[in-house]
file work-v3.cif (mmCIF, C-alpha atoms (C1' of nucleotides))
data_target
loop_
_atom_site.label_atom_id
_atom_site.label_comp_id
_atom_site.auth_asym_id
_atom_site.auth_seq_id
_atom_site.Cartn_x
_atom_site.Cartn_y
_atom_site.Cartn_z
CA MET A 1 -100.38 92.04 2.31
CA SER A 2 -98.67 93.21 5.36
CA ALA A 3 -100.49 94.53 8.33
CA THR A 4 -97.84 97.08 9.14
CA ARG A 5 -97.94 100.49 7.65
CA THR A 6 -94.33 101.27 7.01
CA PRO A 7 -91.26 99.10 7.34
CA ARG A 8 -89.39 102.04 8.81
CA THR A 9 -86.25 100.55 7.36
CA VAL A 10 -83.55 101.05 9.88
CA ARG A 11 -81.28 98.34 8.62
CA ALA A 12 -79.90 97.93 5.13
CA SER A 13 -78.03 101.17 5.23
CA ARG A 14 -74.60 99.87 6.20
CA PRO A 15 -73.70 97.75 3.22
CA SER A 16 -69.96 97.37 3.64
CA ARG A 17 -68.58 99.26 6.58
CA PRO A 18 -65.03 98.03 6.99
CA THR A 19 -65.39 97.67 10.73
CA ARG A 20 -62.75 100.12 11.78
CA PRO A 21 -60.55 99.22 14.74
CA ILE A 22 -62.22 101.93 16.79
CA MET A 23 -65.50 100.09 16.46
CA ALA A 24 -63.96 96.87 17.70
CA VAL A 25 -62.30 98.68 20.58
CA LEU A 26 -65.48 100.49 21.55
CA ASP A 27 -67.16 97.12 21.54
CA TRP A 28 -64.95 95.10 23.89
CA LEU A 29 -64.04 98.17 25.92
CA GLY A 30 -67.72 98.86 26.46
CA ARG A 31 -68.38 95.66 28.34
CA ARG A 32 -68.95 95.57 32.04
CA TRP A 33 -65.79 95.97 34.16
CA ALA A 34 -63.46 96.20 31.16
CA LEU A 35 -62.69 99.88 31.67
CA ARG A 36 -62.55 99.39 35.41
CA VAL A 37 -59.98 96.62 35.14
CA LEU A 38 -57.73 98.82 33.03
CA TRP A 39 -58.16 101.62 35.51
CA GLU A 40 -57.28 99.47 38.52
CA LEU A 41 -54.20 98.07 36.80
CA ARG A 42 -52.85 101.51 35.96
CA ASP A 43 -50.54 101.62 38.99
CA GLY A 44 -49.02 98.19 38.66
CA ALA A 45 -49.65 94.50 38.85
CA LEU A 46 -52.52 93.01 40.81
CA ALA A 47 -53.33 89.43 41.64
CA PHE A 48 -56.64 87.96 40.57
CA ARG A 49 -58.33 88.27 43.92
CA ALA A 50 -56.85 91.67 44.63
CA LEU A 51 -58.21 92.86 41.32
CA GLN A 52 -61.58 91.36 42.09
CA GLU A 53 -61.54 93.13 45.42
CA ARG A 54 -60.96 96.51 43.84
CA CYS A 55 -63.69 96.02 41.27
CA ASP A 56 -66.48 96.04 43.86
CA ALA A 57 -66.06 92.29 44.33
CA VAL A 58 -67.10 91.48 40.81
CA SER A 59 -67.87 87.82 40.30
CA PRO A 60 -64.82 85.79 39.29
CA THR A 61 -66.67 84.45 36.28
CA VAL A 62 -66.98 87.81 34.62
CA LEU A 63 -63.59 88.99 35.78
CA ASN A 64 -61.91 85.98 34.26
CA GLU A 65 -63.79 86.48 31.02
CA ARG A 66 -62.78 90.13 30.78
CA LEU A 67 -59.19 89.26 31.57
CA ARG A 68 -59.21 86.66 28.85
CA GLU A 69 -60.53 89.16 26.34
CA LEU A 70 -58.04 91.76 27.42
CA ARG A 71 -55.26 89.20 27.10
CA GLU A 72 -56.43 88.26 23.61
CA ALA A 73 -56.46 91.94 22.76
CA GLY A 74 -52.88 92.12 24.01
CA VAL A 75 -53.39 94.84 26.60
CA VAL A 76 -52.90 92.78 29.76
CA GLU A 77 -50.86 89.71 30.56
CA LEU A 78 -50.44 87.32 33.45
CA GLN A 79 -46.87 87.25 34.61
CA ALA A 80 -45.30 84.29 36.36
CA VAL A 81 -45.28 86.05 39.69
CA GLY A 82 -47.17 89.10 40.82
CA GLY A 83 -50.41 88.66 38.96
CA TYR A 84 -51.90 90.65 36.10
CA VAL A 85 -50.18 93.64 34.57
CA LEU A 86 -50.66 95.97 31.62
CA THR A 87 -48.59 95.34 28.52
CA THR A 88 -46.92 98.18 26.65
CA ASP A 89 -50.02 98.60 24.51
CA GLY A 90 -52.11 98.38 27.64
CA GLN A 91 -50.19 101.17 29.30
CA ALA A 92 -50.74 103.35 26.25
CA LEU A 93 -54.42 102.58 26.47
CA GLY A 94 -54.43 103.27 30.18
CA ALA A 95 -52.89 106.66 29.50
CA VAL A 96 -56.05 107.53 27.59
CA LEU A 97 -57.97 107.13 30.82
CA LEU A 98 -56.11 109.96 32.51
CA PRO A 99 -57.90 112.72 30.58
CA LEU A 100 -61.07 110.83 31.33
CA HIS A 101 -60.21 111.00 35.00
CA ARG A 102 -59.75 114.75 34.82
CA TRP A 103 -63.03 115.09 32.99
CA ALA A 104 -64.78 112.97 35.60
CA GLU A 105 -63.44 115.11 38.44
CA GLN A 106 -64.81 118.28 36.91
CA TRP A 107 -68.01 116.50 36.00
CA GLY A 108 -68.38 115.42 39.62
CA ARG A 109 -67.76 118.94 40.83
CA ARG A 110 -70.64 120.17 38.72
CA GLY A 111 -72.97 118.09 40.79
CA ARG A 112 -73.74 115.52 38.17
CA ALA A 113 -75.16 112.42 39.74
CA ARG A 114 -74.65 108.95 38.43
CA PRO A 115 -77.66 107.87 36.43
CA GLU A 116 -79.55 105.88 38.97
CA ALA A 117 -80.42 102.23 38.70
CA ARG A 118 -82.57 101.32 35.79
CA ARG A 119 -86.22 100.48 36.22
CA VAL A 120 -86.91 96.99 37.34
CA ARG A 121 -88.55 94.88 34.72
CA THR A 122 -92.23 94.73 35.50
CA ARG A 123 -92.73 91.26 36.83
CA ARG A 124 -96.10 89.70 36.40
CA ALA A 125 -97.63 87.87 39.34
CA PRO A 126 -96.58 84.19 39.56
CA MET B 1 -71.91 75.33 60.24
CA SER B 2 -70.23 76.07 57.03
CA ALA B 3 -68.72 73.29 55.04
CA THR B 4 -66.18 75.50 53.37
CA ARG B 5 -62.61 75.54 54.38
CA THR B 6 -61.73 79.17 54.09
CA PRO B 7 -63.94 82.16 53.58
CA ARG B 8 -61.40 83.63 51.18
CA THR B 9 -62.81 86.96 52.12
CA VAL B 10 -62.90 89.04 49.04
CA ARG B 11 -65.42 91.49 50.34
CA ALA B 12 -65.19 93.50 53.51
CA SER B 13 -62.12 95.31 52.37
CA ARG B 14 -63.78 98.42 50.95
CA PRO B 15 -65.45 99.80 54.03
CA SER B 16 -66.04 103.38 52.99
CA ARG B 17 -64.75 104.22 49.56
CA PRO B 18 -66.22 107.59 48.70
CA THR B 19 -67.23 106.47 45.22
CA ARG B 20 -65.08 108.79 43.22
CA PRO B 21 -66.59 110.34 40.12
CA ILE B 22 -64.28 108.30 37.94
CA MET B 23 -65.89 105.14 39.28
CA ALA B 24 -69.35 106.40 38.43
CA VAL B 25 -68.21 107.43 34.96
CA LEU B 26 -66.50 104.11 34.31
CA ASP B 27 -69.74 102.48 35.35
CA TRP B 28 -72.27 104.15 33.07
CA LEU B 29 -69.69 104.63 30.32
CA GLY B 30 -68.95 100.91 30.39
CA ARG B 31 -72.42 99.87 29.37
CA ARG B 32 -73.24 98.54 25.97
CA TRP B 33 -73.42 101.22 23.23
CA ALA B 34 -72.69 104.12 25.58
CA LEU B 35 -69.23 104.78 24.18
CA ARG B 36 -70.47 104.13 20.68
CA VAL B 37 -73.25 106.71 21.00
CA LEU B 38 -70.77 109.35 22.11
CA TRP B 39 -68.52 108.41 19.22
CA GLU B 40 -71.29 108.68 16.64
CA LEU B 41 -72.44 112.04 17.97
CA ARG B 42 -68.96 113.56 17.78
CA ASP B 43 -69.58 115.18 14.39
CA GLY B 44 -72.95 116.72 15.13
CA ALA B 45 -76.57 116.07 15.86
CA LEU B 46 -78.30 112.86 14.87
CA ALA B 47 -81.94 111.89 15.01
CA PHE B 48 -82.99 108.87 17.02
CA ARG B 49 -83.33 106.53 14.07
CA ALA B 50 -80.23 107.84 12.34
CA LEU B 51 -78.29 107.20 15.53
CA GLN B 52 -79.78 103.74 15.79
CA GLU B 53 -78.74 103.10 12.20
CA ARG B 54 -75.13 103.99 12.88
CA CYS B 55 -74.95 101.85 15.98
CA ASP B 56 -75.33 98.59 14.07
CA ALA B 57 -79.11 98.90 14.33
CA VAL B 58 -79.12 98.57 18.07
CA SER B 59 -82.55 97.91 19.50
CA PRO B 60 -84.48 101.09 20.30
CA THR B 61 -85.06 99.88 23.83
CA VAL B 62 -81.41 99.95 24.76
CA LEU B 63 -80.65 103.03 22.72
CA ASN B 64 -83.36 104.96 24.51
CA GLU B 65 -82.11 103.77 27.87
CA ARG B 66 -78.55 104.84 27.11
CA LEU B 67 -79.73 108.19 25.83
CA ARG B 68 -81.71 108.70 28.98
CA GLU B 69 -78.68 107.93 31.12
CA LEU B 70 -76.48 110.18 29.03
CA ARG B 71 -79.04 112.96 29.34
CA GLU B 72 -79.19 112.50 33.11
CA ALA B 73 -75.42 112.68 33.14
CA GLY B 74 -75.64 115.92 31.22
CA VAL B 75 -73.51 114.93 28.27
CA VAL B 76 -76.28 114.61 25.68
CA GLU B 77 -79.46 116.56 25.09
CA LEU B 78 -82.39 116.38 22.74
CA GLN B 79 -82.88 119.66 20.94
CA ALA B 80 -86.21 120.81 19.63
CA VAL B 81 -85.21 120.17 16.05
CA GLY B 82 -82.35 118.11 14.67
CA GLY B 83 -82.26 115.29 17.18
CA TYR B 84 -79.65 114.43 19.77
CA VAL B 85 -76.48 116.42 20.25
CA LEU B 86 -73.58 116.56 22.67
CA THR B 87 -73.63 119.23 25.35
CA THR B 88 -70.55 121.24 26.21
CA ASP B 89 -69.57 118.64 28.78
CA GLY B 90 -70.32 115.96 26.25
CA GLN B 91 -68.03 117.50 23.70
CA ALA B 92 -65.24 117.59 26.24
CA LEU B 93 -65.89 113.93 26.94
CA GLY B 94 -65.98 113.16 23.24
CA ALA B 95 -62.58 114.79 22.88
CA VAL B 96 -61.21 112.11 25.17
CA LEU B 97 -62.18 109.57 22.56
CA LEU B 98 -59.83 111.03 19.97
CA PRO B 99 -56.65 109.66 21.62
CA LEU B 100 -58.53 106.41 21.93
CA HIS B 101 -59.14 106.50 18.20
CA ARG B 102 -55.44 106.98 17.49
CA TRP B 103 -54.60 104.13 19.86
CA ALA B 104 -57.14 101.89 18.17
CA GLU B 105 -55.69 102.61 14.73
CA GLN B 106 -52.21 101.56 15.80
CA TRP B 107 -53.65 98.63 17.70
CA GLY B 108 -55.43 97.51 14.54
CA ARG B 109 -52.24 97.86 12.52
CA ARG B 110 -50.48 95.47 14.86
CA GLY B 111 -52.86 92.76 13.81
CA ARG B 112 -54.80 92.62 17.00
CA ALA B 113 -58.10 90.91 16.43
CA ARG B 114 -61.25 91.69 18.35
CA PRO B 115 -61.67 89.14 21.12
CA GLU B 116 -64.04 86.74 19.50
CA ALA B 117 -67.50 85.98 20.71
CA ARG B 118 -67.59 84.50 24.13
CA ARG B 119 -68.08 80.80 24.52
CA VAL B 120 -71.60 79.57 24.73
CA ARG B 121 -72.55 78.44 28.18
CA THR B 122 -71.36 74.85 28.48
CA ARG B 123 -74.46 72.80 28.45
CA ARG B 124 -74.15 69.29 29.72
CA ALA B 125 -75.63 66.47 27.67
CA PRO B 126 -79.30 65.87 28.43
"C1'" DA C 1 -49.85 66.40 57.43
"C1'" DC C 2 -51.82 70.46 57.54
"C1'" DC C 3 -52.80 75.65 56.42
"C1'" DC C 4 -53.03 79.21 53.32
"C1'" DG C 5 -52.97 81.64 48.92
"C1'" DT C 6 -52.90 81.33 43.89
"C1'" DG C 7 -55.84 81.29 39.40
"C1'" DC C 8 -59.94 79.68 37.89
"C1'" DT C 9 -64.51 76.92 37.10
"C1'" DA C 10 -69.68 75.29 37.95
"C1'" DC C 11 -74.16 76.52 38.20
"C1'" DG C 12 -78.66 78.39 39.26
"C1'" DG C 13 -81.00 82.61 39.52
"C1'" DA C 14 -81.29 87.63 38.47
"C1'" DT C 15 -80.50 91.18 35.21
"C1'" DT C 16 -79.70 93.06 30.77
"C1'" DC C 17 -79.95 92.97 25.88
"C1'" DC C 18 -82.00 91.97 21.46
"C1'" DG C 19 -85.61 91.76 17.63
"C1'" DT C 20 -89.91 92.89 16.17
"C1'" DA C 21 -94.15 95.27 16.25
"C1'" DG C 22 -96.49 99.20 17.00
"C1'" DC C 23 -98.29 103.71 19.48
"C1'" DG C 24 -99.09 108.85 19.92
"C1'" DA C 25 -97.78 113.14 18.08
"C1'" DT C 26 -96.63 116.00 14.29
"C1'" DA C 27 -95.97 117.33 9.42
"C1'" DT C 28 -97.06 117.34 4.60
"C1'" DG C 29 -99.67 116.77 0.56
"C1'" DA C 30 -103.95 115.72 -2.14
"C1'" DT D 1 -110.30 115.89 5.84
"C1'" DC D 2 -108.08 111.92 5.00
"C1'" DA D 3 -103.98 109.49 3.91
"C1'" DT D 4 -99.27 109.00 4.27
"C1'" DA D 5 -94.63 109.62 6.48
"C1'" DT D 6 -91.53 110.41 9.95
"C1'" DC D 7 -90.55 111.63 14.58
"C1'" DG D 8 -89.27 109.75 19.46
"C1'" DC D 9 -90.31 106.07 22.02
"C1'" DT D 10 -92.61 101.75 24.29
"C1'" DA D 11 -94.19 96.53 24.90
"C1'" DC D 12 -92.87 92.12 25.24
"C1'" DG D 13 -91.00 87.48 24.76
"C1'" DG D 14 -86.80 85.09 24.15
"C1'" DA D 15 -81.72 85.07 24.13
"C1'" DA D 16 -77.44 86.44 26.09
"C1'" DT D 17 -74.94 88.17 29.93
"C1'" DC D 18 -74.02 88.94 34.74
"C1'" DC D 19 -74.06 87.89 39.61
"C1'" DG D 20 -73.32 85.20 44.06
"C1'" DT D 21 -71.76 81.30 46.14
"C1'" DA D 22 -69.23 77.19 46.41
"C1'" DG D 23 -65.39 74.79 45.44
"C1'" DC D 24 -61.34 72.48 42.65
"C1'" DA D 25 -56.30 71.81 41.50
"C1'" DC D 26 -51.89 73.35 42.42
"C1'" DG D 27 -47.98 75.15 45.00
"C1'" DG D 28 -45.34 77.09 49.10
"C1'" DG D 29 -44.69 77.33 54.05
"C1'" DT D 30 -44.52 75.27 58.68
#
call {"tool": "encode", "arguments": {"input": "work-v3.cif", "output": "structure tokens"}}
result
Amino acid sequence: MSATRTPRTVRASRPSRPTRPIMAVLDWLGRRWALRVLWELRDGALAFRALQERCDAVSPTVLNERLRELREAGVVELQAVGGYVLTTDGQALGAVLLPLHRWAEQWGRRGRARPEARRVRTRRAP
Amino acid sequence: MSATRTPRTVRASRPSRPTRPIMAVLDWLGRRWALRVLWELRDGALAFRALQERCDAVSPTVLNERLRELREAGVVELQAVGGYVLTTDGQALGAVLLPLHRWAEQWGRRGRARPEARRVRTRRAP
DNA sequence: ACCCGTGCTACGGATTCCGTAGCGATATGA
DNA sequence: TCATATCGCTACGGAATCCGTAGCACGGGT
């Protein structure tokens, strides 16, 4: 019937994984600028535009979306005055980034370069 | 010439930041599935398809791209037999994820829900 | 009445991600 | 030798996300 040779079944092997919290965290933490926002807020509150400034001038659309997700996760909050700040949970999460910072420093000393920009999608002539 | 009222200059304030290693790490680590790949490799080597399986059946295109970046960063390598495995640096980086795991467990116990799927782009009526 | 700064949104175009199909190489068995 | 199976990995079209710019509504200062 089928033209293919082998289904190569890759799915169907996770029938009822309970979706551990770590999976959820790795998911929303692994979105663009999420880690960076936590890192930039580690020293104290920052206003929206100040935060945007520090994140390589990320577009306000994405920044606002990340901040909303981080607020829903309960790690950052917007205080009446002074801008965005880490909550207690957020500070605990930010503390996890300190070992990462140390690792990055040693990693940088070993001459590791940042993986360079991905290949541009081959565009066909218009 | 411009019709705007105020430039609201958000750029132009980072003239010569030396691009610390932590920034580079937060960049390539904050891409989709990068953290998850490190997490799934923490217990030992995994073949390409086995790794794909564990990462919610991520598409092979993205998985291969992440693996390439992680190899260029020197945290993952493909051994002759057995599939992908963390390097020494990679294991040190994976160790950073353990405190994150503990944080996530407590975070999950406090009833935090994963920030739900983003809103669909508001499409105006046709 | 301005001027300035706040958080935040609209929107079109560029980039990235996903889902499926399949290739070349290698291994194993009949 | 031929068939089958699995390996890492690629092609490609469509969907989702991200970016860059412009600007709104509100409030405080002068």
call {"tool": "resolve_selection", "arguments": {"input": "work-v3.cif", "expression": "the PyMOL selection byres ((chain D) within 10 of (chain B))", "output": "PDB file with C-alpha atoms (C1' of nucleotides), in the frame of the given file"}}
result
ATOM      1  C1'  DT D   6     -91.530 110.410   9.950  1.00  0.00           C
ATOM      2  C1'  DC D   7     -90.550 111.630  14.580  1.00  0.00           C
ATOM      3  C1'  DG D   8     -89.270 109.750  19.460  1.00  0.00           C
ATOM      4  C1'  DC D   9     -90.310 106.070  22.020  1.00  0.00           C
ATOM      5  C1'  DT D  10     -92.610 101.750  24.290  1.00  0.00           C
ATOM      6  C1'  DA D  11     -94.190  96.530  24.900  1.00  0.00           C
ATOM      7  C1'  DA D  16     -77.440  86.440  26.090  1.00  0.00           C
ATOM      8  C1'  DA D  22     -69.230  77.190  46.410  1.00  0.00           C
ATOM      9  C1'  DG D  23     -65.390  74.790  45.440  1.00  0.00           C
TER      10       DG D  23
END
call {"tool": "atom_distance", "arguments": {"input": "work-v3.cif", "atom1": "CA of Glu53 in chain A", "atom2": "CA of Gly30 in chain B"}}
result
18.5 Å
call {"tool": "interface_residues", "arguments": {"input": "work-v3.cif", "of": "chain C", "to": "chain A", "cutoff": "8 Å", "atoms": "all atoms listed in the file", "output": "JSON, numbers by chain"}}
result
{"C": [7, 8, 9]}
call {"tool": "atom_distance", "arguments": {"input": "work-v3.cif", "atom1": "CA of Gln79 in chain B", "atom2": "C1' of DA5 in chain D"}}
result
21.2 Å
call {"tool": "resolve_selection", "arguments": {"input": "work-v3.cif", "expression": "the PyMOL selection byres ((chain C and resi 14-28) around 8)", "output": "list in words"}}
result
Val58, Ser59 and Val62 of chain B; DG13 and DG29 of chain C; DC7, DT10, DA15, DA16, DT17, DC18 and DC19 of chain D
call {"tool": "resolve_selection", "arguments": {"input": "work-v3.cif", "expression": "the PyMOL selection byres ((chain A) within 9 of (chain B))", "output": "PDB file with C-alpha atoms, in the coordinates of the input"}}
result
ATOM      1  CA  VAL A  10     -83.550 101.050   9.880  1.00  0.00           C
ATOM      2  CA  ARG A  11     -81.280  98.340   8.620  1.00  0.00           C
ATOM      3  CA  ALA A  12     -79.900  97.930   5.130  1.00  0.00           C
ATOM      4  CA  SER A  13     -78.030 101.170   5.230  1.00  0.00           C
ATOM      5  CA  ARG A  14     -74.600  99.870   6.200  1.00  0.00           C
ATOM      6  CA  ARG A  20     -62.750 100.120  11.780  1.00  0.00           C
ATOM      7  CA  PRO A  21     -60.550  99.220  14.740  1.00  0.00           C
ATOM      8  CA  ILE A  22     -62.220 101.930  16.790  1.00  0.00           C
ATOM      9  CA  MET A  23     -65.500 100.090  16.460  1.00  0.00           C
ATOM     10  CA  ALA A  24     -63.960  96.870  17.700  1.00  0.00           C
ATOM     11  CA  VAL A  25     -62.300  98.680  20.580  1.00  0.00           C
ATOM     12  CA  LEU A  26     -65.480 100.490  21.550  1.00  0.00           C
ATOM     13  CA  ASP A  27     -67.160  97.120  21.540  1.00  0.00           C
ATOM     14  CA  TRP A  28     -64.950  95.100  23.890  1.00  0.00           C
ATOM     15  CA  LEU A  29     -64.040  98.170  25.920  1.00  0.00           C
ATOM     16  CA  GLY A  30     -67.720  98.860  26.460  1.00  0.00           C
ATOM     17  CA  ARG A  31     -68.380  95.660  28.340  1.00  0.00           C
ATOM     18  CA  ARG A  32     -68.950  95.570  32.040  1.00  0.00           C
ATOM     19  CA  TRP A  33     -65.790  95.970  34.160  1.00  0.00           C
ATOM     20  CA  ALA A  34     -63.460  96.200  31.160  1.00  0.00           C
ATOM     21  CA  LEU A  35     -62.690  99.880  31.670  1.00  0.00           C
ATOM     22  CA  ARG A  36     -62.550  99.390  35.410  1.00  0.00           C
ATOM     23  CA  TRP A  39     -58.160 101.620  35.510  1.00  0.00           C
ATOM     24  CA  ARG A  49     -58.330  88.270  43.920  1.00  0.00           C
ATOM     25  CA  ALA A  50     -56.850  91.670  44.630  1.00  0.00           C
ATOM     26  CA  GLN A  52     -61.580  91.360  42.090  1.00  0.00           C
ATOM     27  CA  GLU A  53     -61.540  93.130  45.420  1.00  0.00           C
ATOM     28  CA  ARG A  54     -60.960  96.510  43.840  1.00  0.00           C
ATOM     29  CA  ASP A  56     -66.480  96.040  43.860  1.00  0.00           C
ATOM     30  CA  ALA A  57     -66.060  92.290  44.330  1.00  0.00           C
ATOM     31  CA  GLU A  65     -63.790  86.480  31.020  1.00  0.00           C
ATOM     32  CA  ARG A  68     -59.210  86.660  28.850  1.00  0.00           C
ATOM     33  CA  GLU A  69     -60.530  89.160  26.340  1.00  0.00           C
ATOM     34  CA  LEU A  70     -58.040  91.760  27.420  1.00  0.00           C
ATOM     35  CA  ARG A  71     -55.260  89.200  27.100  1.00  0.00           C
ATOM     36  CA  GLU A  72     -56.430  88.260  23.610  1.00  0.00           C
ATOM     37  CA  ALA A  73     -56.460  91.940  22.760  1.00  0.00           C
ATOM     38  CA  GLY A  74     -52.880  92.120  24.010  1.00  0.00           C
ATOM     39  CA  ASP A  89     -50.020  98.600  24.510  1.00  0.00           C
ATOM     40  CA  ALA A  92     -50.740 103.350  26.250  1.00  0.00           C
ATOM     41  CA  LEU A  93     -54.420 102.580  26.470  1.00  0.00           C
ATOM     42  CA  VAL A  96     -56.050 107.530  27.590  1.00  0.00           C
ATOM     43  CA  LEU A  97     -57.970 107.130  30.820  1.00  0.00           C
ATOM     44  CA  PRO A  99     -57.900 112.720  30.580  1.00  0.00           C
ATOM     45  CA  LEU A 100     -61.070 110.830  31.330  1.00  0.00           C
ATOM     46  CA  HIS A 101     -60.210 111.000  35.000  1.00  0.00           C
ATOM     47  CA  ARG A 102     -59.750 114.750  34.820  1.00  0.00           C
ATOM     48  CA  TRP A 103     -63.030 115.090  32.990  1.00  0.00           C
ATOM     49  CA  ALA A 104     -64.780 112.970  35.600  1.00  0.00           C
ATOM     50  CA  GLU A 105     -63.440 115.110  38.440  1.00  0.00           C
ATOM     51  CA  GLN A 106     -64.810 118.280  36.910  1.00  0.00           C
ATOM     52  CA  TRP A 107     -68.010 116.500  36.000  1.00  0.00           C
ATOM     53  CA  GLY A 108     -68.380 115.420  39.620  1.00  0.00           C
ATOM     54  CA  ARG A 109     -67.760 118.940  40.830  1.00  0.00           C
ATOM     55  CA  ARG A 112     -73.740 115.520  38.170  1.00  0.00           C
ATOM     56  CA  ALA A 113     -75.160 112.420  39.740  1.00  0.00           C
ATOM     57  CA  ARG A 114     -74.650 108.950  38.430  1.00  0.00           C
ATOM     58  CA  PRO A 115     -77.660 107.870  36.430  1.00  0.00           C
ATOM     59  CA  GLU A 116     -79.550 105.880  38.970  1.00  0.00           C
ATOM     60  CA  ARG A 118     -82.570 101.320  35.790  1.00  0.00           C
TER      61      ARG A 118
END
call {"tool": "residues_around", "arguments": {"input": "work-v3.cif", "residues": "Arg42 in chain B", "least_positions_apart": "4", "cutoff": "8 Å", "atoms": "only C-alpha atoms (C1' of nucleotides)", "output": "JSON, numbers by chain"}}
result
{"B": [38, 86, 91, 94]}
call {"tool": "axis_aligned_box", "arguments": {"input": "work-v3.cif", "around": "range 1-10 of chain D", "padding_each_side": "5 Å", "output": "lines of an AutoDock Vina configuration file"}}
result
center_x = -99.8
center_y = 108.8
center_z = 14.1
size_x = 31.0
size_y = 24.1
size_z = 30.4
call {"tool": "atom_distance", "arguments": {"input": "work-v3.cif", "atom1": "CA of Gly82 in chain A", "atom2": "C1' of DC26 in chain D"}}
result
16.5 Å
